[in-house]
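These notes concern the structure reproduced below.
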Amino acid sequence: MPDIRDYLRPDVVARISRLDLVARLVVEGFITGLHQSPYHGFSVEFSEYRQYMPGDPIRNIDWKVYGKTDRLYVKQYEEETNLKAYLLLDVSASMDYGSGGLNKFQYAVYTAAALAHLMLRQRDAVSLVAFDTGIRNYIPPRSVGSHLHTLLHALQEATPEGADTDLARAFHDLAEQIVRRGLIIVLSDLLDDPQTLLSGLKHFRHRKHEVIVFHIFDPREQDLAFDRETRFVDLESGAWVATEPWHIAPDYQAHMDALIDRFRRECRESLIDYVPLDTTHPFDTALFNYLAKRKRLM
């Protein structure tokens with residue numbers, strides 16, 4: 001039987017068909033690895049109670065807990081959860097690309113499922129937003145355990161499609177809709193005009209939200225390491241071009257490096273956490289960055 005931490009590996013996860021099982025095993029593998037790593041100070045437990053404060057309704061006191069601990073605790077209801085997190089999943093057609101193992105969309109879905117599972121363990125309220133040129137599906141944030149089934153079902157039903165992408169428009173629309181300050185987690189290949197896309201991300205910061213951007217790409221999209229003449233097809237427009245990749249690879253790689261550097265620099269300047277992830281990365285990178293951000297917010 002494999003070590004549970006193997007379920008952090010995308011190639012292993014790709015062989016599991018049930019999304020609920022993926023979410024649970026990835027999170028359990030992450031927790032196992034966290035406890036055996038130098039990462040200290042992260043709590044992956046939660047409490048259904050908080051200490052009684054003057055002014056709290058007496059009816060909310062749990063007297064059984066008082067009898068056992070001689071301390072007053074009140075039941076913590078959904079509206080009192082520590083954090084509201086919004087998982088923004090890119091469902092544009094470009095996410096359907098993969099050179100082997102998991103494609104970008106599958107990787108994003110599994111990452112979102114694991115994050116949702118972990119956040120609900122933490123008693124955070126979780127929302128799911130599927131978007132491309134606009135908001136395609138919106139599931140409001142809730143923190144109850146049964147909400148995981150709703151989120152996983154929506155993730156299972158989501159498909160990458162469409163002939164166009166306007167990520168900035170979706171970000172601007174959503175930034176205006178979310179009133180209460182929360183944590184925005186973007187899972188996207190960011191294939192759109194960088195200037196307008198970054199303006200959309202900065203809109204979230206203008207509204208006082210915390211933001212993590214997981215930039216998901218296939219490794220071949222970064223290195224263009226194809227060894228034969230290749231026809232490249234735009235999954236959104238259908239346009240294509242045939243070329244010998246090794247002739248254009250150096251210029252292409254320089255362009256990609258500059259693009260990633262721009263995202264990293266402008267996100268840092270706006271206090272946005274930018275995390276590039278290729279689809280061969282273990283899922284613990286996303287989970288760890290979520291916990292790091294969450295700890296800074298508490």
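Labels used: A, B, ... for chains in the order of the structure tokens, numbers from 1 for residues in each chain, and numbers from 1 for ligands as shown.
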Using DSSP on the backbone, list every residue of stretch 144-187 of chain A that comes out as strand (DSSP E), and give them as a PyMOL selection string. chain A and resi 183-187
What would the file look like if the residues just selected were written as a PDB file, in the first residue's frame with all heavy atoms?
```
ATOM      1  N   LEU A 183     -11.178  36.005   1.589  1.00  0.00           N
ATOM      2  CA  LEU A 183      -9.983  35.473   0.927  1.00  0.00           C
ATOM      3  C   LEU A 183     -10.379  34.988  -0.458  1.00  0.00           C
ATOM      4  O   LEU A 183     -11.238  34.118  -0.593  1.00  0.00           O
ATOM      5  CB  LEU A 183      -9.381  34.331   1.747  1.00  0.00           C
ATOM      6  CG  LEU A 183      -8.216  33.563   1.117  1.00  0.00           C
ATOM      7  CD1 LEU A 183      -7.046  34.489   0.837  1.00  0.00           C
ATOM      8  CD2 LEU A 183      -7.781  32.412   2.022  1.00  0.00           C
ATOM      9  N   ILE A 184      -9.762  35.546  -1.480  1.00  0.00           N
ATOM     10  CA  ILE A 184     -10.017  35.170  -2.867  1.00  0.00           C
ATOM     11  C   ILE A 184      -8.898  34.245  -3.324  1.00  0.00           C
ATOM     12  O   ILE A 184      -7.724  34.605  -3.261  1.00  0.00           O
ATOM     13  CB  ILE A 184     -10.061  36.408  -3.783  1.00  0.00           C
ATOM     14  CG1 ILE A 184     -11.038  37.459  -3.245  1.00  0.00           C
ATOM     15  CG2 ILE A 184     -10.395  36.004  -5.207  1.00  0.00           C
ATOM     16  CD1 ILE A 184     -12.479  37.029  -3.209  1.00  0.00           C
ATOM     17  N   ILE A 185      -9.267  33.044  -3.786  1.00  0.00           N
ATOM     18  CA  ILE A 185      -8.284  32.072  -4.270  1.00  0.00           C
ATOM     19  C   ILE A 185      -8.576  31.803  -5.742  1.00  0.00           C
ATOM     20  O   ILE A 185      -9.617  31.242  -6.083  1.00  0.00           O
ATOM     21  CB  ILE A 185      -8.336  30.764  -3.463  1.00  0.00           C
ATOM     22  CG1 ILE A 185      -8.053  31.033  -1.979  1.00  0.00           C
ATOM     23  CG2 ILE A 185      -7.340  29.753  -4.019  1.00  0.00           C
ATOM     24  CD1 ILE A 185      -8.209  29.807  -1.097  1.00  0.00           C
ATOM     25  N   VAL A 186      -7.664  32.220  -6.613  1.00  0.00           N
ATOM     26  CA  VAL A 186      -7.847  32.088  -8.060  1.00  0.00           C
ATOM     27  C   VAL A 186      -7.072  30.873  -8.555  1.00  0.00           C
ATOM     28  O   VAL A 186      -5.884  30.720  -8.247  1.00  0.00           O
ATOM     29  CB  VAL A 186      -7.366  33.350  -8.795  1.00  0.00           C
ATOM     30  CG1 VAL A 186      -7.506  33.185 -10.305  1.00  0.00           C
ATOM     31  CG2 VAL A 186      -8.133  34.582  -8.309  1.00  0.00           C
ATOM     32  N   LEU A 187      -7.736  30.015  -9.337  1.00  0.00           N
ATOM     33  CA  LEU A 187      -7.098  28.866  -9.974  1.00  0.00           C
ATOM     34  C   LEU A 187      -7.292  29.021 -11.475  1.00  0.00           C
ATOM     35  O   LEU A 187      -8.377  28.767 -12.001  1.00  0.00           O
ATOM     36  CB  LEU A 187      -7.713  27.557  -9.480  1.00  0.00           C
ATOM     37  CG  LEU A 187      -7.593  27.315  -7.972  1.00  0.00           C
ATOM     38  CD1 LEU A 187      -8.951  27.052  -7.356  1.00  0.00           C
ATOM     39  CD2 LEU A 187      -6.669  26.140  -7.689  1.00  0.00           C
TER      40      LEU A 187
END
```
Could you name the residues that touch stretch 96-108 of chain A at 10 Å or less, counting only C-alpha atoms, but leaving out those on the same chain fewer than 4 positions away, as a count of residues only? 41
Determine, counting only C-alpha atoms, which protein, DNA and RNA residues have an atom within 8 Å of an atom of A:Leu118; residues of the same chain fewer than 2 positions away are not included. Present the result as a PyMOL selection string. chain A and resi 27+44+114-116+120-122+287
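Closest approach to A:Tyr7 among A:Ser127, A:Leu19, A:Phe263, A:Pro282: A:Pro282, based on only C-alpha atoms.
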